[in-house]
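A.B. asks: What follows is structure_24.tsv, made up of TSV, C-alpha atoms:
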```tsv
chain	number	residue	atom	x	y	z
U	242	MET	CA	82.34	-14.18	-89.98
U	243	GLU	CA	85.79	-13.13	-91.17
U	244	VAL	CA	85.87	-10.47	-93.87
U	245	ARG	CA	88.83	-10.70	-96.23
U	246	GLN	CA	89.99	-7.52	-97.93
U	247	ASN	CA	91.04	-7.87	-101.54
U	248	PHE	CA	94.53	-6.44	-101.05
U	249	ARG	CA	97.53	-7.45	-103.16
U	250	THR	CA	101.09	-6.76	-102.06
U	251	PRO	CA	103.02	-4.93	-104.79
U	252	VAL	CA	105.38	-7.22	-106.71
U	253	ILE	CA	108.34	-4.93	-106.06
U	254	SER	CA	107.77	-5.20	-102.29
U	255	LEU	CA	107.67	-8.98	-102.52
U	256	VAL	CA	110.86	-9.10	-104.59
U	257	LEU	CA	112.68	-6.78	-102.17
U	258	ALA	CA	111.45	-8.61	-99.08
U	259	TRP	CA	112.24	-12.12	-100.34
U	260	GLY	CA	115.47	-10.94	-101.97
U	261	SER	CA	116.79	-9.39	-98.77
U	262	VAL	CA	116.35	-12.74	-97.06
U	263	GLY	CA	116.89	-15.15	-99.93
U	264	ILE	CA	120.06	-13.72	-101.48
U	265	PRO	CA	122.20	-13.77	-98.28
U	266	LEU	CA	120.72	-17.16	-97.46
U	267	ALA	CA	121.61	-18.58	-100.88
U	268	TRP	CA	125.10	-17.08	-100.62
U	269	GLY	CA	125.54	-18.77	-97.23
U	270	VAL	CA	124.40	-22.11	-98.60
U	271	VAL	CA	126.74	-21.81	-101.61
U	272	GLN	CA	129.65	-21.03	-99.27
U	273	THR	CA	128.83	-23.85	-96.86
U	274	LEU	CA	128.21	-26.78	-99.17
U	275	PRO	CA	131.73	-27.02	-100.74
U	276	ASN	CA	133.26	-27.15	-97.24
U	277	ALA	CA	130.70	-29.70	-96.13
U	278	LEU	CA	131.51	-31.91	-99.13
U	279	LYS	CA	135.11	-32.17	-97.87
U	280	LEU	CA	133.72	-34.37	-95.09
U	281	PHE	CA	132.99	-37.10	-97.59
U	282	GLN	CA	136.28	-36.97	-99.56
O	17	VAL	CA	94.86	-18.91	-69.61
O	18	PHE	CA	96.22	-15.83	-67.83
O	19	VAL	CA	100.03	-15.67	-67.84
O	20	TYR	CA	100.46	-16.01	-64.06
O	21	ASP	CA	97.88	-18.78	-63.92
O	22	ALA	CA	99.88	-20.61	-66.58
O	23	LEU	CA	102.85	-20.66	-64.20
O	24	ARG	CA	100.69	-22.53	-61.68
O	25	THR	CA	99.85	-25.32	-64.12
O	26	PRO	CA	101.91	-28.51	-64.38
O	27	GLN	CA	101.61	-28.19	-68.17
O	28	PHE	CA	103.81	-25.09	-68.24
O	29	TRP	CA	106.59	-26.75	-66.25
O	30	LEU	CA	106.33	-30.00	-68.17
O	31	ILE	CA	106.71	-28.12	-71.46
O	32	TRP	CA	109.52	-26.10	-69.82
O	33	TRP	CA	111.39	-29.35	-69.18
O	34	VAL	CA	110.48	-30.71	-72.62
O	35	LEU	CA	112.10	-27.67	-74.25
O	36	CYS	CA	115.01	-27.56	-71.81
O	37	LEU	CA	115.94	-31.22	-72.35
O	38	ASN	CA	115.50	-31.05	-76.12
O	39	VAL	CA	117.72	-27.95	-76.29
O	40	THR	CA	120.29	-29.26	-73.80
O	41	ALA	CA	120.94	-32.26	-76.00
O	42	GLY	CA	121.10	-30.19	-79.20
O	43	ILE	CA	123.09	-27.18	-78.03
O	44	GLY	CA	125.64	-29.33	-76.23
O	45	VAL	CA	126.73	-31.10	-79.39
O	46	LEU	CA	126.26	-28.04	-81.63
O	47	ARG	CA	128.90	-26.17	-79.68
O	48	GLN	CA	131.29	-29.13	-79.66
O	49	ALA	CA	130.59	-30.35	-83.20
O	50	SER	CA	133.83	-29.16	-84.75
O	51	ALA	CA	136.12	-30.57	-82.06
O	52	MET	CA	134.03	-33.73	-81.75
O	53	SER	CA	134.18	-34.57	-85.46
O	54	GLN	CA	137.95	-34.09	-85.54
O	55	GLU	CA	138.59	-36.09	-82.39
O	56	MET	CA	136.25	-38.96	-83.27
O	57	PHE	CA	137.70	-39.27	-86.77
O	58	PRO	CA	141.39	-38.31	-86.47
O	59	GLY	CA	143.01	-38.01	-89.88
O	60	LYS	CA	139.68	-38.30	-91.67
O	61	VAL	CA	138.11	-34.95	-90.78
O	62	SER	CA	140.30	-31.89	-91.39
O	63	VAL	CA	139.80	-28.47	-89.78
O	64	THR	CA	138.17	-27.18	-92.99
O	65	ALA	CA	135.87	-30.19	-93.21
O	66	ALA	CA	134.92	-29.73	-89.54
O	67	ALA	CA	134.01	-26.11	-90.31
O	68	GLY	CA	131.91	-27.42	-93.20
O	69	PHE	CA	130.26	-29.86	-90.82
O	70	VAL	CA	129.25	-27.01	-88.49
O	71	GLY	CA	127.90	-25.08	-91.49
O	72	LEU	CA	125.95	-28.12	-92.65
O	73	MET	CA	124.46	-28.51	-89.18
O	74	SER	CA	123.37	-24.87	-89.30
O	75	LEU	CA	121.56	-25.51	-92.57
O	76	PHE	CA	119.76	-28.49	-91.06
O	77	ASN	CA	118.99	-26.44	-87.95
O	78	MET	CA	117.29	-23.87	-90.19
O	79	ALA	CA	115.54	-26.42	-92.41
O	80	GLY	CA	114.32	-28.32	-89.34
O	81	ARG	CA	112.50	-25.23	-88.13
O	82	PHE	CA	110.42	-25.13	-91.31
O	83	PHE	CA	110.02	-28.88	-91.65
O	84	TRP	CA	109.14	-29.97	-88.11
O	85	ALA	CA	106.86	-27.00	-87.39
O	86	SER	CA	104.96	-27.76	-90.60
O	87	ILE	CA	104.79	-31.46	-89.76
O	88	SER	CA	103.44	-30.59	-86.31
O	89	ASP	CA	100.35	-29.08	-87.94
O	90	LEU	CA	99.59	-32.56	-89.28
O	91	LEU	CA	100.85	-34.77	-86.44
O	92	GLY	CA	100.03	-32.55	-83.48
O	93	ARG	CA	102.59	-30.87	-81.23
O	94	LYS	CA	102.76	-33.62	-78.66
O	95	ASN	CA	103.37	-36.33	-81.26
O	96	THR	CA	106.03	-34.19	-82.92
O	97	TYR	CA	107.89	-33.92	-79.62
O	98	PHE	CA	107.50	-37.66	-79.14
O	99	MET	CA	109.30	-38.03	-82.48
O	100	PHE	CA	112.08	-35.65	-81.36
O	101	PHE	CA	112.68	-37.65	-78.22
O	102	ALA	CA	112.31	-41.17	-79.64
O	103	LEU	CA	114.29	-40.54	-82.82
O	104	GLY	CA	116.79	-38.38	-80.91
O	105	PHE	CA	117.36	-41.19	-78.41
O	106	LEU	CA	118.10	-43.68	-81.20
O	107	LEU	CA	120.42	-41.29	-83.03
O	108	TYR	CA	122.40	-40.23	-79.93
O	109	ALA	CA	122.78	-43.87	-78.96
O	110	ALA	CA	123.98	-44.64	-82.51
O	111	VAL	CA	126.70	-41.94	-82.60
O	112	PRO	CA	129.33	-43.97	-80.67
O	113	TYR	CA	128.70	-46.85	-83.09
O	114	THR	CA	129.35	-44.59	-86.10
O	115	GLY	CA	132.64	-43.56	-84.50
O	116	GLY	CA	133.47	-47.20	-83.79
O	117	ILE	CA	133.04	-48.28	-87.41
O	118	GLY	CA	134.69	-45.08	-88.68
O	119	SER	CA	131.72	-43.98	-90.77
O	120	VAL	CA	131.86	-40.21	-91.22
O	121	GLU	CA	128.76	-40.38	-93.43
O	122	LEU	CA	126.58	-42.00	-90.75
O	123	PHE	CA	128.00	-39.68	-88.10
O	124	VAL	CA	127.11	-36.62	-90.18
O	125	LEU	CA	123.66	-38.03	-90.99
O	126	CYS	CA	122.92	-38.65	-87.30
O	127	PHE	CA	123.92	-35.14	-86.27
O	128	CYS	CA	122.14	-33.43	-89.14
O	129	VAL	CA	118.85	-35.10	-88.17
O	130	ILE	CA	119.51	-34.42	-84.46
O	131	ILE	CA	120.15	-30.74	-85.09
O	132	SER	CA	117.10	-30.43	-87.36
O	133	MET	CA	115.04	-31.59	-84.35
O	134	TYR	CA	116.81	-29.04	-82.14
O	135	GLY	CA	115.62	-26.30	-84.50
O	136	GLY	CA	112.24	-27.98	-84.81
O	137	GLY	CA	111.83	-27.91	-81.05
O	138	PHE	CA	112.08	-24.13	-81.05
O	139	SER	CA	109.72	-23.57	-83.94
O	140	THR	CA	107.08	-25.99	-82.66
O	141	VAL	CA	106.91	-24.83	-79.05
O	142	PRO	CA	104.94	-21.57	-79.61
O	143	ALA	CA	102.17	-23.58	-81.29
O	144	TYR	CA	102.33	-26.13	-78.45
O	145	LEU	CA	101.82	-23.28	-75.96
O	146	ARG	CA	98.94	-21.93	-77.99
O	147	ASP	CA	97.27	-25.33	-77.98
O	148	MET	CA	97.66	-25.54	-74.21
O	149	PHE	CA	97.02	-22.00	-73.05
O	150	GLY	CA	95.16	-20.26	-75.88
O	151	THR	CA	96.29	-17.14	-77.71
O	152	ARG	CA	95.48	-14.32	-75.26
O	153	HIS	CA	98.74	-14.39	-73.24
O	154	VAL	CA	100.80	-16.77	-75.36
O	155	GLY	CA	103.48	-14.14	-76.04
O	156	ALA	CA	104.23	-13.61	-72.36
O	157	ILE	CA	104.00	-17.33	-71.62
O	158	HIS	CA	106.44	-18.04	-74.46
O	159	GLY	CA	108.80	-15.40	-73.07
O	160	LEU	CA	108.77	-17.13	-69.70
O	161	LEU	CA	109.26	-20.52	-71.33
O	162	LEU	CA	112.42	-19.31	-73.05
O	163	THR	CA	114.15	-19.36	-69.67
O	164	ALA	CA	114.38	-23.08	-70.44
O	165	TRP	CA	116.57	-22.21	-73.42
O	166	SER	CA	118.82	-20.04	-71.23
O	167	MET	CA	119.20	-22.85	-68.74
O	168	ALA	CA	119.92	-25.37	-71.47
O	169	GLY	CA	122.43	-22.99	-73.09
O	170	ILE	CA	124.53	-23.24	-69.94
O	171	PHE	CA	123.74	-26.80	-68.98
O	172	GLY	CA	124.29	-28.50	-72.38
O	173	PRO	CA	127.82	-27.37	-73.28
O	174	VAL	CA	129.01	-27.63	-69.65
O	175	LEU	CA	127.70	-31.19	-69.45
O	176	VAL	CA	129.36	-32.21	-72.72
O	177	ASN	CA	132.68	-30.58	-71.75
O	178	CYS	CA	132.75	-31.97	-68.21
O	179	ILE	CA	132.02	-35.55	-69.21
O	180	ARG	CA	134.56	-35.43	-72.06
O	181	GLN	CA	137.24	-33.92	-69.82
O	182	TYR	CA	136.55	-36.48	-67.09
O	183	ASN	CA	136.96	-39.30	-69.59
O	184	VAL	CA	140.18	-37.85	-71.07
O	185	ASP	CA	141.63	-37.32	-67.57
O	186	HIS	CA	140.89	-40.96	-66.77
O	187	GLY	CA	142.75	-42.30	-69.77
O	188	VAL	CA	139.93	-42.73	-72.28
O	189	ALA	CA	141.11	-42.17	-75.88
O	190	LYS	CA	139.97	-38.86	-77.34
O	191	ALA	CA	138.11	-40.68	-80.12
O	192	ALA	CA	135.96	-42.46	-77.52
O	193	ALA	CA	135.71	-39.61	-75.01
O	194	TYR	CA	132.33	-38.47	-76.30
O	195	ASN	CA	130.65	-41.89	-76.10
O	196	VAL	CA	129.43	-41.51	-72.52
O	197	THR	CA	128.24	-37.98	-73.33
O	198	MET	CA	126.08	-39.33	-76.14
O	199	TYR	CA	124.54	-41.93	-73.85
O	200	VAL	CA	123.85	-39.25	-71.20
O	201	MET	CA	122.13	-37.13	-73.85
O	202	ALA	CA	120.06	-40.14	-74.90
O	203	VAL	CA	118.96	-40.62	-71.28
O	204	LEU	CA	118.03	-36.92	-71.02
O	205	LEU	CA	115.79	-37.42	-74.03
O	206	ILE	CA	114.03	-40.31	-72.29
O	207	VAL	CA	113.28	-37.95	-69.39
O	208	GLY	CA	111.97	-35.43	-71.94
O	209	PHE	CA	109.80	-38.14	-73.50
O	210	ILE	CA	108.25	-38.87	-70.09
O	211	CYS	CA	107.63	-35.15	-69.43
O	212	ASN	CA	105.92	-34.85	-72.80
O	213	LEU	CA	103.88	-37.96	-72.04
O	214	CYS	CA	102.59	-36.31	-68.85
O	215	VAL	CA	101.27	-33.21	-70.66
O	216	ARG	CA	97.47	-33.11	-70.55
O	217	ALA	CA	94.91	-30.40	-71.39
O	218	VAL	CA	94.89	-27.52	-68.89
O	219	ASP	CA	92.20	-27.82	-66.22
O	220	LYS	CA	89.19	-25.59	-66.89
O	221	ARG	CA	89.56	-23.83	-63.52
O	222	HIS	CA	92.65	-22.07	-64.97
O	223	HIS	CA	90.76	-20.73	-67.98
O	224	MET	CA	89.95	-17.04	-68.29
O	225	ALA	CA	86.25	-16.21	-68.36
O	226	ASP	CA	84.75	-15.87	-71.86
O	227	GLU	CA	87.89	-17.11	-73.55
O	228	PRO	CA	86.79	-19.22	-76.53
O	229	ASP	CA	90.36	-20.19	-77.49
O	230	ALA	CA	91.05	-21.56	-74.04
O	231	MET	CA	87.83	-23.53	-74.08
O	232	ARG	CA	88.70	-25.03	-77.44
O	233	ALA	CA	92.22	-25.91	-76.29
O	234	ALA	CA	90.81	-27.98	-73.44
O	235	VAL	CA	88.69	-30.13	-75.74
```
Spell out the structure here as structure tokens.
C.D. replies:
Amino acid sequence: MEVRQNFRTPVISLVLAWGSVGIPLAWGVVQTLPNALKLFQ
Amino acid sequence: VFVYDALRTPQFWLIWWVLCLNVTAGIGVLRQASAMSQEMFPGKVSVTAAAGFVGLMSLFNMAGRFFWASISDLLGRKNTYFMFFALGFLLYAAVPYTGGIGSVELFVLCFCVIISMYGGGFSTVPAYLRDMFGTRHVGAIHGLLLTAWSMAGIFGPVLVNCIRQYNVDHGVAKAAAYNVTMYVMAVLLIVGFICNLCVRAVDKRHHMADEPDAMRAAV
């Protein structure tokens, strides 16, 4: 039987972790899409 | 299944070829995407737009890894690879047609779906290995399987380049020089489909003793 510990990751850790991935990713998407749209002009 | 026993199973080598053929098709066109889009649509696709096309493919490559791996939890790994090969075959075979009718939109759509399945192939294969061989040595088995990626990384671009160059040297217009390549890729995917079809549960004689995961994987 699996025992689950009631552990919550601190919000600041989650924000830092997702931000370090999400912000560069979003920047890349924002940079890419305008160029990609030129395909359809 | 113990890592060295896995190498003695047909399942390992079938999945090796499944990954190799899926990646060969994807990586070949990924590397040539910019040149291909400009040559197939001269005057329609600028250098900047071609760069945007490569970027768009990268986004679909990334999204495909999330999407197809998640779908494989519902469909099963084998069925997901069947989709890669069947849908991939249709899309590769359709690419020359999109060039023929001058439809950049269809061309881009075909390649975005194709490249999502290239990414999906990578993200689904660890789970496929787990289903076949259990969890105990899946890391090492996956490491060995990635030699298929290395092989495909050489084989795919070389194949695309060689066929294109052969066609150009024999007087085929640049816009049509990739047509044969696309058909060759489609045939490679049929071979991959057959390899995937041949994958069966690993024989119990290869299982480690007292390995519940391996026993479950064989059911």
A.B. asks: When the cut-off is 12 Å and we count all atoms listed in the file, which residues of chain O are near chain U, given as number ranges by chain?
C.D. replies: O: 50, 53-54, 57, 59-76, 78-79, 119-125, 128
A.B. asks: What's around Val17 of chain O at 7 Å? Count all atoms listed in the file, leave out sequence neighbours fewer than 4 positions away in its own chain, and write the answer as a ChimeraX atom specification.
C.D. replies: /O:21-22,149-150,153,222-224,230
A.B. asks: Would you compute the distance between atom CA of Phe138 of chain O and atom CA of Asn38 of chain O? Give it in Å to one decimal.
C.D. replies: 9.2 Å
A.B. asks: Kindly give the distance, in Å, that separates atom CA of Ala267 of chain U and atom CA of Asn77 of chain O, rounded to a single decimal.
C.D. replies: 15.4 Å
A.B. asks: Write out as a PDB file with C-alpha atoms, in the frame of the given file the residues lying within 10 Å of segment 100-110 of chain O, counting all atoms listed in the file and excluding same-chain residues fewer than 6 positions away.
C.D. replies:
```pdb
ATOM      1  CA  VAL O  34     110.480 -30.710 -72.620  1.00  0.00           C
ATOM      2  CA  LEU O  37     115.940 -31.220 -72.350  1.00  0.00           C
ATOM      3  CA  ASN O  38     115.500 -31.050 -76.120  1.00  0.00           C
ATOM      4  CA  ALA O  41     120.940 -32.260 -76.000  1.00  0.00           C
ATOM      5  CA  GLY O  42     121.100 -30.190 -79.200  1.00  0.00           C
ATOM      6  CA  TRP O  84     109.140 -29.970 -88.110  1.00  0.00           C
ATOM      7  CA  LYS O  94     102.760 -33.620 -78.660  1.00  0.00           C
ATOM      8  CA  GLY O 116     133.470 -47.200 -83.790  1.00  0.00           C
ATOM      9  CA  LEU O 122     126.580 -42.000 -90.750  1.00  0.00           C
ATOM     10  CA  PHE O 123     128.000 -39.680 -88.100  1.00  0.00           C
ATOM     11  CA  LEU O 125     123.660 -38.030 -90.990  1.00  0.00           C
ATOM     12  CA  CYS O 126     122.920 -38.650 -87.300  1.00  0.00           C
ATOM     13  CA  PHE O 127     123.920 -35.140 -86.270  1.00  0.00           C
ATOM     14  CA  VAL O 129     118.850 -35.100 -88.170  1.00  0.00           C
ATOM     15  CA  ILE O 130     119.510 -34.420 -84.460  1.00  0.00           C
ATOM     16  CA  ILE O 131     120.150 -30.740 -85.090  1.00  0.00           C
ATOM     17  CA  SER O 132     117.100 -30.430 -87.360  1.00  0.00           C
ATOM     18  CA  MET O 133     115.040 -31.590 -84.350  1.00  0.00           C
ATOM     19  CA  TYR O 134     116.810 -29.040 -82.140  1.00  0.00           C
ATOM     20  CA  GLY O 136     112.240 -27.980 -84.810  1.00  0.00           C
ATOM     21  CA  GLY O 137     111.830 -27.910 -81.050  1.00  0.00           C
ATOM     22  CA  ASN O 195     130.650 -41.890 -76.100  1.00  0.00           C
ATOM     23  CA  VAL O 196     129.430 -41.510 -72.520  1.00  0.00           C
ATOM     24  CA  THR O 197     128.240 -37.980 -73.330  1.00  0.00           C
ATOM     25  CA  MET O 198     126.080 -39.330 -76.140  1.00  0.00           C
ATOM     26  CA  TYR O 199     124.540 -41.930 -73.850  1.00  0.00           C
ATOM     27  CA  VAL O 200     123.850 -39.250 -71.200  1.00  0.00           C
ATOM     28  CA  MET O 201     122.130 -37.130 -73.850  1.00  0.00           C
ATOM     29  CA  ALA O 202     120.060 -40.140 -74.900  1.00  0.00           C
ATOM     30  CA  VAL O 203     118.960 -40.620 -71.280  1.00  0.00           C
ATOM     31  CA  LEU O 204     118.030 -36.920 -71.020  1.00  0.00           C
ATOM     32  CA  LEU O 205     115.790 -37.420 -74.030  1.00  0.00           C
ATOM     33  CA  ILE O 206     114.030 -40.310 -72.290  1.00  0.00           C
ATOM     34  CA  VAL O 207     113.280 -37.950 -69.390  1.00  0.00           C
ATOM     35  CA  GLY O 208     111.970 -35.430 -71.940  1.00  0.00           C
ATOM     36  CA  PHE O 209     109.800 -38.140 -73.500  1.00  0.00           C
ATOM     37  CA  ILE O 210     108.250 -38.870 -70.090  1.00  0.00           C
ATOM     38  CA  ASN O 212     105.920 -34.850 -72.800  1.00  0.00           C
TER      39      ASN O 212
END
```
A.B. asks: Measure the distance from atom CA of Phe28 of chain O to atom CA of Ala85 of chain O in Å and round it to one decimal.
C.D. replies: 19.5 Å
A.B. asks: May I have the residues within 12 Å of Thr163 of chain O as a list of chain:residue names, using only C-alpha atoms and disregarding those fewer than 5 positions away in the same chain?
C.D. replies: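 So, after excluding close chain neighbours, the residues are O:Phe28, O:Trp29, O:Ile31, O:Trp32, O:Trp33, O:Leu35, O:Cys36, O:Val39, O:Ala156, O:Ile157, O:His158, O:Ala168, O:Gly169, O:Ile170.
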A.B. asks: With distances taken over all atoms listed in the file, which residue among O:Lys190, O:Met56, O:Gly80, O:Arg180 lies nearest Tyr113 of chain O?
C.D. replies: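 With all atoms listed in the file as the atom set, the closest residue is O:Met56.
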A.B. asks: With distances taken over all atoms listed in the file, which residue among O:Leu30, O:Ser166, O:Pro173, O:Ala191 lies nearest Val111 of chain O?
C.D. replies: O:Ala191
A.B. asks: Centre and edge lengths, as lines of an AutoDock Vina configuration file, for the axis-aligned box enclosing every listed atom of segment 200-204 of chain O with 8 Å of padding on each of the six sides, in Å to one decimal?
C.D. replies:
```
center_x = 120.9
center_y = -38.8
center_z = -73.0
size_x = 21.8
size_y = 19.7
size_z = 19.9
```
